[in-house]
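*Asks:* Just one file: final_15.tsv, with TSV, C-alpha atoms and all ligand atoms.
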chain	number	residue	atom	x	y	z
L	1	MET	CA	0.00	0.00	0.00
L	2	LYS	CA	2.72	2.39	0.99
L	3	ILE	CA	4.60	1.76	-2.21
L	4	ALA	CA	1.42	2.27	-4.24
L	5	LYS	CA	0.84	5.57	-2.48
L	6	GLN	CA	4.40	6.71	-3.15
L	7	LEU	CA	4.01	5.73	-6.78
L	8	PHE	CA	0.81	7.72	-7.00
L	9	PHE	CA	2.47	10.85	-5.68
L	10	ALA	CA	5.51	10.33	-7.85
L	11	LEU	CA	3.25	10.06	-10.92
L	12	ALA	CA	1.23	13.08	-9.81
L	13	LEU	CA	4.47	15.09	-9.72
L	14	ILE	CA	5.87	13.81	-12.98
L	15	THR	CA	2.76	13.72	-15.19
L	16	PRO	CA	1.98	17.46	-15.35
L	17	THR	CA	5.64	18.16	-16.14
L	18	LEU	CA	5.59	15.76	-19.07
L	19	ALA	CA	2.22	17.03	-20.28
L	20	SER	CA	3.19	20.69	-20.16
L	21	ALA	CA	6.53	19.96	-21.81
L	22	GLN	CA	4.58	18.50	-24.73
L	23	VAL	CA	1.98	21.23	-25.01
L	24	GLU	CA	4.14	24.34	-24.71
L	25	LEU	CA	4.68	24.78	-28.41
L	26	THR	CA	6.42	27.83	-29.74
L	27	ASN	CA	4.39	29.40	-32.50
L	28	LYS	CA	6.23	30.38	-35.69
L	29	VAL	CA	5.23	31.98	-38.97
L	30	LEU	CA	6.62	31.49	-42.46
L	31	ILE	CA	5.19	33.60	-45.28
L	32	ILE	CA	6.23	32.75	-48.82
L	33	GLY	CA	5.29	35.35	-51.43
L	34	ILE	CA	5.59	34.62	-55.12
L	35	ASP	CA	5.39	37.73	-57.26
L	36	GLY	CA	2.85	37.90	-60.10
L	37	VAL	CA	1.27	34.43	-59.91
L	38	ARG	CA	-2.22	34.28	-61.35
L	39	THR	CA	-4.44	31.65	-59.78
L	40	ASP	CA	-4.83	29.86	-63.12
L	41	ALA	CA	-1.05	29.86	-63.60
L	42	LEU	CA	-0.62	28.27	-60.18
L	43	LEU	CA	-3.28	25.66	-60.86
L	44	SER	CA	-1.92	24.91	-64.35
L	45	ALA	CA	1.55	24.22	-63.01
L	46	SER	CA	2.77	20.97	-61.51
L	47	THR	CA	3.36	21.99	-57.90
L	48	PRO	CA	3.50	18.94	-55.64
L	49	ASN	CA	5.05	20.87	-52.76
L	50	ILE	CA	2.55	23.74	-52.77
L	51	ASP	CA	-0.24	21.18	-53.25
L	52	SER	CA	0.91	19.32	-50.13
L	53	LEU	CA	0.01	22.40	-48.08
L	54	TRP	CA	-3.67	22.54	-49.07
L	55	ARG	CA	-4.96	19.70	-51.27
L	56	GLY	CA	-6.73	16.83	-49.59
L	57	ASN	CA	-7.72	19.01	-46.63
L	58	ALA	CA	-4.07	19.61	-45.77
L	59	GLY	CA	-4.73	23.30	-45.27
L	60	ALA	CA	-6.93	26.30	-45.98
L	61	TYR	CA	-7.15	27.93	-49.39
L	62	ARG	CA	-8.95	30.55	-51.39
L	63	PHE	CA	-8.40	31.29	-55.07
L	64	ASP	CA	-10.02	34.71	-55.23
L	65	ALA	CA	-8.20	36.54	-52.46
L	66	LYS	CA	-8.28	40.23	-53.23
L	67	THR	CA	-5.03	42.13	-53.32
L	68	ASP	CA	-4.62	45.90	-53.20
L	69	ASP	CA	-6.65	48.08	-55.56
L	70	VAL	CA	-3.31	49.19	-57.01
L	71	THR	CA	-2.09	45.93	-58.57
L	72	ILE	CA	1.58	46.88	-58.62
L	73	SER	CA	4.24	45.11	-56.55
L	74	GLY	CA	5.14	47.94	-54.16
L	75	PRO	CA	1.57	48.78	-53.10
L	76	SER	CA	0.42	45.16	-53.09
L	77	TRP	CA	3.27	43.73	-51.01
L	78	THR	CA	2.91	46.65	-48.60
L	79	THR	CA	-0.78	45.81	-48.25
L	80	MET	CA	-0.11	42.15	-47.52
L	81	LEU	CA	2.64	42.89	-45.00
L	82	THR	CA	1.03	45.84	-43.19
L	83	GLY	CA	-2.55	44.56	-43.28
L	84	VAL	CA	-3.93	47.82	-44.67
L	85	GLY	CA	-4.70	48.93	-48.20
L	86	SER	CA	-2.83	51.57	-50.17
L	87	ALA	CA	-5.49	54.17	-49.29
L	88	LYS	CA	-3.96	54.03	-45.80
L	89	HIS	CA	-0.31	53.05	-46.24
L	90	GLY	CA	0.02	55.44	-49.14
L	91	VAL	CA	2.32	53.40	-51.40
L	92	LYS	CA	0.94	53.76	-54.93
L	93	ASN	CA	3.97	52.84	-57.03
L	94	ASN	CA	7.41	51.22	-56.90
L	95	ASN	CA	9.45	54.38	-56.41
L	96	MET	CA	11.95	54.31	-53.58
L	97	SER	CA	12.92	57.18	-51.34
L	98	GLY	CA	14.92	57.28	-48.12
L	99	GLY	CA	14.84	53.55	-47.56
L	100	HIS	CA	11.07	53.39	-47.88
L	101	PHE	CA	8.61	53.46	-50.67
L	102	THR	CA	7.69	57.01	-51.55
L	103	ASN	CA	4.66	58.07	-49.51
L	104	TYR	CA	4.83	55.04	-47.20
L	105	ASN	CA	2.84	56.19	-44.18
L	106	THR	CA	4.80	54.55	-41.38
L	107	ASN	CA	1.84	54.76	-39.01
L	108	TYR	CA	0.96	51.57	-40.84
L	109	VAL	CA	4.04	49.48	-40.26
L	110	SER	CA	4.65	45.88	-41.23
L	111	PHE	CA	3.42	42.99	-39.10
L	112	MET	CA	7.01	42.11	-38.22
L	113	ASP	CA	7.67	45.66	-37.04
L	114	ARG	CA	4.62	45.41	-34.79
L	115	LEU	CA	5.89	42.10	-33.43
L	116	GLU	CA	9.32	43.61	-32.77
L	117	ALA	CA	7.80	46.67	-31.08
L	118	ALA	CA	5.80	44.45	-28.73
L	119	ASN	CA	8.62	42.03	-28.03
L	120	PRO	CA	12.16	42.89	-29.17
L	121	THR	CA	13.39	39.37	-28.39
L	122	ILE	CA	11.34	37.95	-31.25
L	123	GLN	CA	13.52	36.95	-34.20
L	124	THR	CA	12.35	38.30	-37.55
L	125	ALA	CA	13.84	37.92	-41.00
L	126	ALA	CA	13.04	38.81	-44.61
L	127	ILE	CA	14.83	37.40	-47.66
L	128	SER	CA	13.71	38.91	-50.93
L	129	GLN	CA	14.46	38.53	-54.59
L	130	TRP	CA	13.06	42.03	-55.13
L	131	GLU	CA	14.84	44.28	-52.66
L	132	PRO	CA	12.04	46.89	-52.29
L	133	THR	CA	9.89	44.43	-50.32
L	134	ASN	CA	12.58	44.55	-47.64
L	135	SER	CA	11.97	48.30	-47.37
L	136	ILE	CA	8.48	47.60	-46.05
L	137	PHE	CA	10.24	46.34	-42.90
L	138	SER	CA	11.92	48.95	-40.71
L	139	ASN	CA	13.27	47.40	-37.52
L	140	ILE	CA	13.44	43.69	-38.11
L	141	ASP	CA	16.46	41.55	-37.23
L	142	TYR	CA	17.65	40.45	-40.63
L	143	LYS	CA	17.18	41.37	-44.29
L	144	ALA	CA	18.86	39.80	-47.28
L	145	THR	CA	18.44	39.64	-51.04
L	146	GLY	CA	19.44	37.25	-53.81
L	147	ASN	CA	18.18	35.48	-56.91
L	148	GLY	CA	15.56	32.77	-56.55
L	149	ALA	CA	17.98	29.94	-55.78
L	150	SER	CA	19.86	32.18	-53.36
L	151	VAL	CA	16.67	33.17	-51.51
L	152	LYS	CA	15.92	29.46	-51.17
L	153	ASN	CA	19.44	28.62	-50.00
L	154	GLN	CA	19.47	31.45	-47.49
L	155	ALA	CA	16.05	30.40	-46.22
L	156	VAL	CA	17.28	26.84	-45.68
L	157	GLU	CA	20.31	28.18	-43.77
L	158	LEU	CA	18.07	30.42	-41.68
L	159	LEU	CA	15.73	27.53	-40.83
L	160	SER	CA	18.68	25.25	-40.06
L	161	GLY	CA	20.17	27.59	-37.49
L	162	GLN	CA	23.10	28.56	-39.71
L	163	ASN	CA	22.29	32.27	-39.91
L	164	VAL	CA	24.61	34.07	-37.47
L	165	THR	CA	22.21	37.01	-36.95
L	166	VAL	CA	18.96	35.11	-36.53
L	167	SER	CA	19.67	31.77	-34.89
L	168	ASN	CA	16.09	30.78	-34.11
L	169	PRO	CA	13.61	32.62	-36.37
L	170	ASP	CA	10.02	33.23	-35.21
L	171	ALA	CA	8.70	35.10	-38.25
L	172	ILE	CA	10.06	34.84	-41.78
L	173	PHE	CA	9.03	36.50	-45.04
L	174	LEU	CA	10.42	35.12	-48.30
L	175	HIS	CA	9.89	36.66	-51.72
L	176	PHE	CA	10.39	35.02	-55.12
L	177	ASP	CA	10.28	37.15	-58.27
L	178	ASP	CA	10.88	34.98	-61.34
L	179	VAL	CA	7.23	34.39	-62.23
L	180	ASP	CA	6.68	38.13	-62.49
L	181	GLY	CA	9.75	38.38	-64.70
L	182	ALA	CA	8.41	35.66	-66.97
L	183	GLY	CA	5.01	37.31	-66.97
L	184	HIS	CA	6.39	40.64	-68.12
L	185	SER	CA	8.41	39.09	-70.91
L	186	SER	CA	6.10	36.26	-72.07
L	187	GLY	CA	2.71	36.70	-70.39
L	188	TYR	CA	1.36	35.79	-66.96
L	189	LEU	CA	-0.20	32.57	-68.21
L	190	SER	CA	2.66	31.68	-70.56
L	191	GLN	CA	4.57	28.42	-70.44
L	192	SER	CA	7.60	30.29	-69.09
L	193	ALA	CA	5.52	31.72	-66.22
L	194	ILE	CA	4.21	28.24	-65.44
L	195	THR	CA	7.73	26.81	-65.60
L	196	ALA	CA	8.89	29.52	-63.19
L	197	VAL	CA	6.10	28.53	-60.78
L	198	GLN	CA	7.33	24.93	-60.97
L	199	THR	CA	10.93	25.93	-60.25
L	200	ILE	CA	9.81	27.85	-57.18
L	201	ASP	CA	7.68	24.89	-56.10
L	202	GLY	CA	10.93	22.90	-56.03
L	203	TYR	CA	12.49	25.58	-53.83
L	204	ILE	CA	9.47	25.42	-51.55
L	205	GLY	CA	9.97	21.67	-51.22
L	206	GLU	CA	13.49	22.27	-49.90
L	207	ILE	CA	12.27	25.02	-47.59
L	208	LEU	CA	9.51	22.80	-46.15
L	209	ALA	CA	12.04	20.03	-45.61
L	210	ALA	CA	14.23	22.51	-43.73
L	211	VAL	CA	11.30	23.49	-41.51
L	212	ARG	CA	10.51	19.87	-40.71
L	213	SER	CA	14.08	18.89	-40.01
L	214	ARG	CA	14.67	21.61	-37.44
L	215	ASP	CA	16.07	20.23	-34.19
L	216	THR	CA	13.18	21.83	-32.29
L	217	TYR	CA	10.44	21.08	-34.85
L	218	ALA	CA	8.51	18.83	-32.42
L	219	GLU	CA	8.14	21.78	-30.03
L	220	GLU	CA	7.09	24.23	-32.74
L	221	ASN	CA	3.74	25.19	-34.25
L	222	TRP	CA	4.42	26.61	-37.71
L	223	LEU	CA	1.82	28.60	-39.58
L	224	ILE	CA	2.84	28.66	-43.24
L	225	MET	CA	1.11	31.11	-45.58
L	226	LEU	CA	1.64	31.40	-49.33
L	227	SER	CA	0.27	34.04	-51.64
L	228	SER	CA	1.02	36.47	-54.44
L	229	ASP	CA	0.96	40.24	-54.67
L	230	HIS	CA	-1.01	40.52	-57.93
L	231	GLY	CA	-1.84	38.58	-61.05
L	232	GLY	CA	-1.45	39.80	-64.60
L	233	ASN	CA	-3.34	40.60	-67.75
L	234	GLY	CA	-1.48	39.50	-70.87
L	235	SER	CA	2.06	40.56	-70.07
L	236	SER	CA	1.33	43.46	-67.77
L	237	HIS	CA	-0.36	44.31	-64.51
L	238	GLY	CA	-1.47	47.39	-62.63
L	239	GLY	CA	-5.05	47.38	-63.89
L	240	SER	CA	-8.23	46.23	-62.25
L	241	THR	CA	-9.18	43.09	-64.20
L	242	PRO	CA	-10.06	40.07	-62.06
L	243	GLN	CA	-6.89	38.35	-63.33
L	244	GLU	CA	-4.82	41.14	-61.76
L	245	LYS	CA	-6.89	41.85	-58.61
L	246	TYR	CA	-7.62	38.34	-57.34
L	247	VAL	CA	-4.89	35.92	-56.36
L	248	TRP	CA	-4.61	32.80	-54.23
L	249	LEU	CA	-3.93	32.35	-50.55
L	250	ILE	CA	-2.91	29.09	-48.88
L	251	MET	CA	-2.52	28.46	-45.16
L	252	ASN	CA	-1.06	25.37	-43.52
L	253	GLY	CA	-0.44	24.46	-39.91
L	254	MET	CA	-1.87	22.54	-36.97
L	255	ASP	CA	-4.06	25.51	-35.95
L	256	VAL	CA	-5.51	26.04	-39.42
L	257	VAL	CA	-9.17	25.30	-40.21
L	258	VAL	CA	-8.74	23.24	-43.35
L	259	GLY	CA	-10.77	23.55	-46.54
L	260	GLU	CA	-11.88	26.45	-48.66
L	261	MET	CA	-11.95	29.72	-46.74
L	262	GLU	CA	-14.96	32.02	-46.70
L	263	ASN	CA	-15.71	34.60	-49.36
L	264	GLY	CA	-14.04	37.99	-49.04
L	265	ILE	CA	-10.49	36.91	-48.20
L	266	LEU	CA	-7.87	39.66	-48.62
L	267	THR	CA	-4.13	39.30	-48.95
L	268	ALA	CA	-4.13	41.91	-46.14
L	269	ASP	CA	-5.51	39.17	-43.87
L	270	ILE	CA	-2.04	37.63	-43.82
L	271	ALA	CA	-0.60	40.33	-41.53
L	272	ALA	CA	-3.38	40.04	-38.91
L	273	THR	CA	-3.34	36.25	-38.98
L	274	ALA	CA	0.44	36.13	-38.57
L	275	MET	CA	0.40	38.49	-35.59
L	276	VAL	CA	-2.33	36.60	-33.76
L	277	HIS	CA	-0.63	33.26	-34.40
L	278	LEU	CA	2.46	34.73	-32.77
L	279	GLY	CA	0.42	35.78	-29.75
L	280	LEU	CA	0.10	39.49	-30.48
L	281	ASP	CA	-3.43	40.81	-30.01
L	282	ILE	CA	-4.74	43.12	-32.73
L	283	ASP	CA	-4.91	46.70	-31.46
L	284	PRO	CA	-7.95	48.50	-32.94
L	285	SER	CA	-5.85	51.65	-33.24
L	286	TRP	CA	-3.80	49.93	-35.95
L	287	ASP	CA	-6.87	50.35	-38.15
L	288	LEU	CA	-6.21	47.11	-40.03
L	289	ASP	CA	-8.21	46.28	-43.15
L	290	GLY	CA	-7.29	42.60	-42.93
L	291	GLN	CA	-8.51	40.23	-40.26
L	292	VAL	CA	-7.58	36.91	-38.71
L	293	ARG	CA	-8.57	34.00	-40.94
L	294	ALA	CA	-8.81	30.24	-40.64
L	295	LEU	CA	-7.23	29.85	-37.21
L	296	LYS	CA	-9.14	27.22	-35.20
L	297	ASP	CA	-9.20	29.16	-31.98
L	298	ASN	CA	-7.58	32.54	-31.65
L	299	ASP	CA	-7.33	32.21	-27.87
L	300	ALA	CA	-5.68	28.82	-28.16
L	301	ALA	CA	-3.30	30.21	-30.76
L	302	ARG	CA	-2.30	32.95	-28.35
L	303	SER	CA	-1.95	30.80	-25.26
L	304	ALA	CA	0.21	28.29	-27.10
L	305	SER	CA	2.76	30.99	-27.85
L	306	SER	CA	5.36	31.81	-25.27
L	307	LEU	CA	6.44	34.97	-27.11
L	308	TYR	CA	3.79	37.27	-25.70
L	309	ALA	CA	2.56	35.18	-22.80
L	310	ASP	CA	3.13	38.08	-20.42
L	311	GLY	CA	3.26	41.21	-22.50
L	312	ALA	CA	0.15	40.95	-24.64
L	313	SER	CA	-2.36	39.88	-21.98
L	314	PRO	CA	-1.58	41.73	-18.75
L	315	ILE	CA	-5.08	40.96	-17.44
L	316	PRO	CA	-5.68	37.22	-17.14
L	317	GLU	CA	-8.82	36.05	-18.84
L	318	PRO	CA	-11.51	34.26	-16.78
L	319	SER	CA	-10.30	30.90	-18.06
L	320	THR	CA	-6.85	31.69	-16.68
L	321	TYR	CA	-8.27	32.38	-13.22
L	322	GLY	CA	-10.03	29.05	-13.47
L	323	LEU	CA	-6.76	27.33	-14.21
L	324	LEU	CA	-4.99	29.02	-11.32
L	325	ALA	CA	-7.77	28.13	-8.90
L	326	GLY	CA	-8.26	24.63	-10.17
L	327	GLY	CA	-4.58	23.82	-9.97
L	328	ILE	CA	-2.63	21.09	-11.63
L	329	ILE	CA	-5.49	18.65	-12.14
L	330	ALA	CA	-7.57	21.24	-14.02
L	331	LEU	CA	-4.52	22.24	-16.02
L	332	ALA	CA	-3.83	18.64	-16.95
L	333	ALA	CA	-7.45	18.24	-18.04
L	334	VAL	CA	-7.27	21.33	-20.24
L	335	ILE	CA	-4.00	20.16	-21.72
L	336	ALA	CA	-5.54	16.79	-22.48
L	337	ARG	CA	-8.46	18.50	-24.25
L	338	ARG	CA	-6.19	20.79	-26.22
L	339	ARG	CA	-3.99	18.00	-27.40
L	340	LYS	CA	-6.96	16.26	-28.99
L	341	ARG	CA	-7.49	19.13	-31.44
L	401	ZN	ZN	4.60	42.13	-58.21
Once more with this new file: its structure as structure tokens, please.
*Replies:*
Amino acid sequence: MKIAKQLFFALALITPTLASAQVELTNKVLIIGIDGVRTDALLSASTPNIDSLWRGNAGAYRFDAKTDDVTISGPSWTTMLTGVGSAKHGVKNNNMSGGHFTNYNTNYVSFMDRLEAANPTIQTAAISQWEPTNSIFSNIDYKATGNGASVKNQAVELLSGQNVTVSNPDAIFLHFDDVDGAGHSSGYLSQSAITAVQTIDGYIGEILAAVRSRDTYAEENWLIMLSSDHGGNGSSHGGSTPQEKYVWLIMNGMDVVVGEMENGILTADIAATAMVHLGLDIDPSWDLDGQVRALKDNDAARSASSLYADGASPIPEPSTYGLLAGGIIALAAVIARRRKR
């Protein structure tokens, strides 16, 4: 009897430790932007790696996500990465000035700048084939540029802990440009544009493998989002045809509600969704146009992240009081429920 009792107490001490060690996942975000990819170009291409993120209920998707009204790279990437349209952020063209796009209203900063402002220990990185997208970010930890293969190689290094500046990235933005190049020279639905999509799909396969082979992958909760800044009409863009204005948006991760997303998805939703996944509550004063999409439970997404566990929610929610009062047994029960999701 005595031994049984000792065993019981030993188990009672050990079990919550094991359970909490399993459930305390660190939330991470990877956004992969491919410039100038029409939805029909994406769906015409052979893209086994991109497909693996959404087909067969692997993730969430929408093939008429609206980009900015100004279907040019500078305005459209700024919209996706700030979460507000060009009417607010002010970028209407690709002109550069003083390290920012001309007329960039920095009251509307990028999602990674908001993450850094709330928690400077977060590790943020952008690697872009088109350098101006890096100018959308002001105070992030790391920016780099390169051609498509170089962006891929640098992303793999970053994810593998080989980047000396950002050893353990929490939020990453990658930009690939070769489809837009092919679109301008041969047309946005040309064979060369489709071939460029397929090349980038191969890069994405290597990047996904790098995510999954991280030493700490089992303790991480990655939200991966893929989209484009605009489509194209013939061999140009900047107009307001559906082929330019509506693109595709794919989300993958254990917190994602799989299947086709609701009508009215914006590329600007990416910024809000990324911030909430990383535990940062949306402040109404940011005046975002985008909103959180396809996350199973925003509260669960926040509580699973250690990044803002203290800073973003100074006032415990009623459920937190319940946990504190109920003690370890209640906590273990909640953990058990959460793990079933
Ligand atoms: Zn573009």
*Asks:* Excluding Val29 (chain L) and residues on its chain fewer than 4 positions from it, collect all residues at most 8 Å away from it, counting all atoms listed in the file, and give them as an mmCIF file with C-alpha atoms, keeping the file's coordinate frame.
*Replies:*
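Contents of result08.cif, freshly written:
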data_model
loop_
_atom_site.group_PDB
_atom_site.id
_atom_site.type_symbol
_atom_site.label_atom_id
_atom_site.label_comp_id
_atom_site.auth_asym_id
_atom_site.auth_seq_id
_atom_site.Cartn_x
_atom_site.Cartn_y
_atom_site.Cartn_z
ATOM 1 C CA ASP L 170 10.020 33.230 -35.210
ATOM 2 C CA ALA L 171 8.700 35.100 -38.250
ATOM 3 C CA ILE L 172 10.060 34.840 -41.780
ATOM 4 C CA TRP L 222 4.420 26.610 -37.710
ATOM 5 C CA LEU L 223 1.820 28.600 -39.580
ATOM 6 C CA ILE L 224 2.840 28.660 -43.240
ATOM 7 C CA MET L 225 1.110 31.110 -45.580
ATOM 8 C CA ALA L 274 0.440 36.130 -38.570
ATOM 9 C CA HIS L 277 -0.630 33.260 -34.400
ATOM 10 C CA LEU L 278 2.460 34.730 -32.770
#
*Asks:* Please provide as number ranges by chain all residues within 8 Å of region 251-263 of chain L, with the sequence filter that same-chain residues fewer than 6 positions apart are discarded (counting all atoms listed in the file).
*Replies:* L: 53-54, 57-62, 221-226, 293-297, 301
*Asks:* So, with only C-alpha atoms and all ligand atoms as the atoms that count, which of L:Gly146, L:Gly181, L:Gly290, L:Gly264 lies closest to ligand ZN 401 (chain L)?
*Replies:*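 The shortest atom-to-atom distance to ligand ZN 401 (chain L) comes from L:Gly181.
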*Asks:* Give me the residues near Asp64 (chain L) as an NGL selection string, where near means some atom within 6 Å (using only C-alpha atoms) and where sequence neighbours in that chain fewer than 2 positions away do not count.
*Replies:* :L and (62 or 246-248)
*Asks:* May I ask you to write as a PyMOL selection string all residues lying at most 7 Å from ligand ZN 401 (chain L), with only C-alpha atoms and all ligand atoms counted?
*Replies:* chain L and resi 35-36+72-73+180+229-230
*Asks:* For the residues in that selection, give me C-alpha atoms as a PDB file, keeping the file's coordinate frame.
*Replies:*
ATOM      1  CA  ASP L  35       5.390  37.730 -57.260  1.00  0.00           C
ATOM      2  CA  GLY L  36       2.850  37.900 -60.100  1.00  0.00           C
ATOM      3  CA  ILE L  72       1.580  46.880 -58.620  1.00  0.00           C
ATOM      4  CA  SER L  73       4.240  45.110 -56.550  1.00  0.00           C
ATOM      5  CA  ASP L 180       6.680  38.130 -62.490  1.00  0.00           C
ATOM      6  CA  ASP L 229       0.960  40.240 -54.670  1.00  0.00           C
ATOM      7  CA  HIS L 230      -1.010  40.520 -57.930  1.00  0.00           C
TER       8      HIS L 230
END
*Asks:* Any chance you could model N, CA and C atoms for region 236-255 of chain L and send them as a CSV table (one decimal), in the frame of the given file?
*Replies:*
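Contents of result_19.csv, freshly written:
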chain,number,residue,atom,x,y,z
L,236,SER,N,1.2,42.3,-68.6
L,236,SER,CA,1.3,43.5,-67.8
L,236,SER,C,0.4,43.3,-66.6
L,237,HIS,N,0.5,44.2,-65.7
L,237,HIS,CA,-0.4,44.3,-64.5
L,237,HIS,C,-0.4,45.7,-64.0
L,238,GLY,N,-1.3,46.0,-63.1
L,238,GLY,CA,-1.5,47.4,-62.6
L,238,GLY,C,-2.9,47.8,-62.9
L,239,GLY,N,-3.7,47.1,-63.6
L,239,GLY,CA,-5.0,47.4,-63.9
L,239,GLY,C,-6.0,46.7,-62.9
L,240,SER,N,-7.3,46.7,-63.2
L,240,SER,CA,-8.2,46.2,-62.2
L,240,SER,C,-9.1,45.1,-62.8
L,241,THR,N,-8.5,44.3,-63.8
L,241,THR,CA,-9.2,43.1,-64.2
L,241,THR,C,-9.1,42.1,-63.1
L,242,PRO,N,-10.1,41.1,-63.1
L,242,PRO,CA,-10.1,40.1,-62.1
L,242,PRO,C,-8.7,39.3,-62.1
L,243,GLN,N,-8.1,39.1,-63.2
L,243,GLN,CA,-6.9,38.4,-63.3
L,243,GLN,C,-5.7,39.1,-62.6
L,244,GLU,N,-5.9,40.4,-62.5
L,244,GLU,CA,-4.8,41.1,-61.8
L,244,GLU,C,-5.1,41.3,-60.3
L,245,LYS,N,-6.4,41.5,-60.0
L,245,LYS,CA,-6.9,41.8,-58.6
L,245,LYS,C,-7.0,40.7,-57.7
L,246,TYR,N,-7.3,39.5,-58.2
L,246,TYR,CA,-7.6,38.3,-57.3
L,246,TYR,C,-6.5,37.3,-57.5
L,247,VAL,N,-6.0,36.9,-56.4
L,247,VAL,CA,-4.9,35.9,-56.4
L,247,VAL,C,-5.3,34.8,-55.4
L,248,TRP,N,-4.4,34.0,-55.0
L,248,TRP,CA,-4.6,32.8,-54.2
L,248,TRP,C,-4.0,33.0,-52.9
L,249,LEU,N,-4.5,32.3,-51.9
L,249,LEU,CA,-3.9,32.4,-50.6
L,249,LEU,C,-4.1,31.0,-49.9
L,250,ILE,N,-3.0,30.4,-49.5
L,250,ILE,CA,-2.9,29.1,-48.9
L,250,ILE,C,-2.4,29.2,-47.5
L,251,MET,N,-3.0,28.5,-46.5
L,251,MET,CA,-2.5,28.5,-45.2
L,251,MET,C,-2.4,27.0,-44.7
L,252,ASN,N,-1.3,26.7,-44.0
L,252,ASN,CA,-1.1,25.4,-43.5
L,252,ASN,C,-0.5,25.4,-42.1
L,253,GLY,N,-1.0,24.5,-41.3
L,253,GLY,CA,-0.4,24.5,-39.9
L,253,GLY,C,-1.4,23.8,-39.0
L,254,MET,N,-1.0,23.3,-37.8
L,254,MET,CA,-1.9,22.5,-37.0
L,254,MET,C,-3.0,23.4,-36.4
L,255,ASP,N,-3.0,24.7,-36.4
L,255,ASP,CA,-4.1,25.5,-36.0
L,255,ASP,C,-5.0,26.0,-37.1
